[in-house]
Amino acid sequence: ANGQPRNQFSFLWLVIFASLVWHLSLAWLEKPYKANRRQQKRLDKLNVTVNVPIYNEDPKVVKLVLEALIGQTRKPNRVQVVDDGSQIDYSTIRKWWYSKAKQQGIKASWVRTTNQGKRHAQLTTFLKAETADIFITIDSDTVIEKNGIDEVLKPFVKKDVMAVAAVIMA
């Protein structure tokens with residue numbers, strides 16, 4: 001009886017270690033998606049709509065998020081900001097956003113709804129974007145890398161891919 005708890009503890013550590021090795025091996029084998037010229041042409045034709053739900057987010061942060069979308073190597077076709085009943089006045093950023101998006105050829109919209117939560121804010125965009133092939137949702141405090149949209153589209157070269165999730169690094 002004296003050695004039994006120690007054996008169970010050792011077995012638990014062995015299982016954890018084996019699991020860690022397995023996951024690290026899989027991560028090491030995982031390669032970034034690549035698209036050949038033909039596939040990239042198909043990806044470039046996709047109509048991409050981005051949803052940015054906001055609720056009482058710092059206006060400076062919202063502007064950084066929108067600047068990152070404007071600076072993408074693969075521009076979105078449409079970006080809709082959904083203000084979910086914020087108590088902050090975003091009129092200055094909204095005016096700037098419309099001007100910058102237009103310069104970049106991005107269809108921009110800014111919708112204000114009553115506060116019903118993030119899912120409702122996302123649904124607002126989903127229901128109004130009948131031409132979208134791809135929906136991307138970005139939190140109001142997430143600044144994506146310059147090639148973020150390019151990279152998130154690449155897995156869609158495979159016909160059986162229906163959704164992609166990105167990893168956020170703080």
# chains A, B, ... in the order shown; residues from 1 in each chain; ligands from 1

$ residues_around --residues "range 77-94 of chain A" --least-positions-apart "3" --cutoff "6 Å" --atoms "only C-alpha atoms" --output "list in words"
Asn47, Val48, Thr49, Val50, Asn51, Val52, Pro53, Ile54, Tyr55, Asn56, Trp97, Ile106, Lys107, Ala108, Ser109, Trp110, Val111, Arg112, Thr113, Thr114, Asn115 and Ala121 of chain A

$ residues_around --residues "range 145-147 of chain A" --least-positions-apart "5" --cutoff "7 Å" --atoms "only C-alpha atoms" --output "list of chain:residue names"
A:Ala68, A:Gly71, A:Gln72, A:Thr73, A:Arg74

$ closest_residue --among "A:Pro59, A:Gly117, A:Pro76, A:Gly105" --to "Ala132 in chain A" --atoms "only C-alpha atoms"
A:Pro76

$ closest_residue --among "A:Lys154, A:Phe126, A:Lys100, A:Val143" --to "Arg37 in chain A" --atoms "only C-alpha atoms"
A:Lys154

$ select_by_dssp --residues "range 2-142 of chain A" --states "strand (DSSP E)" --output "PyMOL selection string"
chain A and resi 48-54+78-84+107-113+134-137

$ residues_around --residues "Ala165 in chain A" --least-positions-apart "2" --cutoff "12 Å" --atoms "only C-alpha atoms" --output "NGL selection string"
:A and (135-138 or 148-149 or 151-156 or 161-163 or 167-168)

$ closest_residue --among "A:Ile16, A:Thr131, A:Val21, A:Asp139" --to "Lys118 in chain A" --atoms "only C-alpha atoms"
A:Asp139

$ decode --residues "range 95-118 of chain A" --atoms "C-alpha atoms" --output "mmCIF file, in the first residue's frame"
data_model
loop_
_atom_site.group_PDB
_atom_site.id
_atom_site.type_symbol
_atom_site.label_atom_id
_atom_site.label_comp_id
_atom_site.auth_asym_id
_atom_site.auth_seq_id
_atom_site.Cartn_x
_atom_site.Cartn_y
_atom_site.Cartn_z
ATOM 1 C CA LYS A 95 -16.149 59.426 -40.320
ATOM 2 C CA TRP A 96 -12.426 58.607 -40.637
ATOM 3 C CA TRP A 97 -13.257 54.929 -41.293
ATOM 4 C CA TYR A 98 -15.636 55.671 -44.174
ATOM 5 C CA SER A 99 -13.057 57.920 -45.830
ATOM 6 C CA LYS A 100 -10.112 55.502 -45.464
ATOM 7 C CA ALA A 101 -12.101 52.436 -46.496
ATOM 8 C CA LYS A 102 -13.365 54.213 -49.618
ATOM 9 C CA GLN A 103 -9.767 55.157 -50.565
ATOM 10 C CA GLN A 104 -8.807 51.471 -50.320
ATOM 11 C CA GLY A 105 -11.824 50.195 -52.267
ATOM 12 C CA ILE A 106 -13.370 48.549 -49.217
ATOM 13 C CA LYS A 107 -17.123 48.719 -48.785
ATOM 14 C CA ALA A 108 -17.549 50.021 -45.250
ATOM 15 C CA SER A 109 -20.548 50.191 -42.990
ATOM 16 C CA TRP A 110 -21.124 51.068 -39.369
ATOM 17 C CA VAL A 111 -24.316 49.855 -37.741
ATOM 18 C CA ARG A 112 -25.562 50.755 -34.287
ATOM 19 C CA THR A 113 -27.850 48.295 -32.522
ATOM 20 C CA THR A 114 -29.321 48.046 -29.061
ATOM 21 C CA ASN A 115 -27.091 46.098 -26.702
ATOM 22 C CA GLN A 116 -27.829 42.408 -27.244
ATOM 23 C CA GLY A 117 -24.367 40.888 -27.084
ATOM 24 C CA LYS A 118 -21.570 39.861 -29.410
#
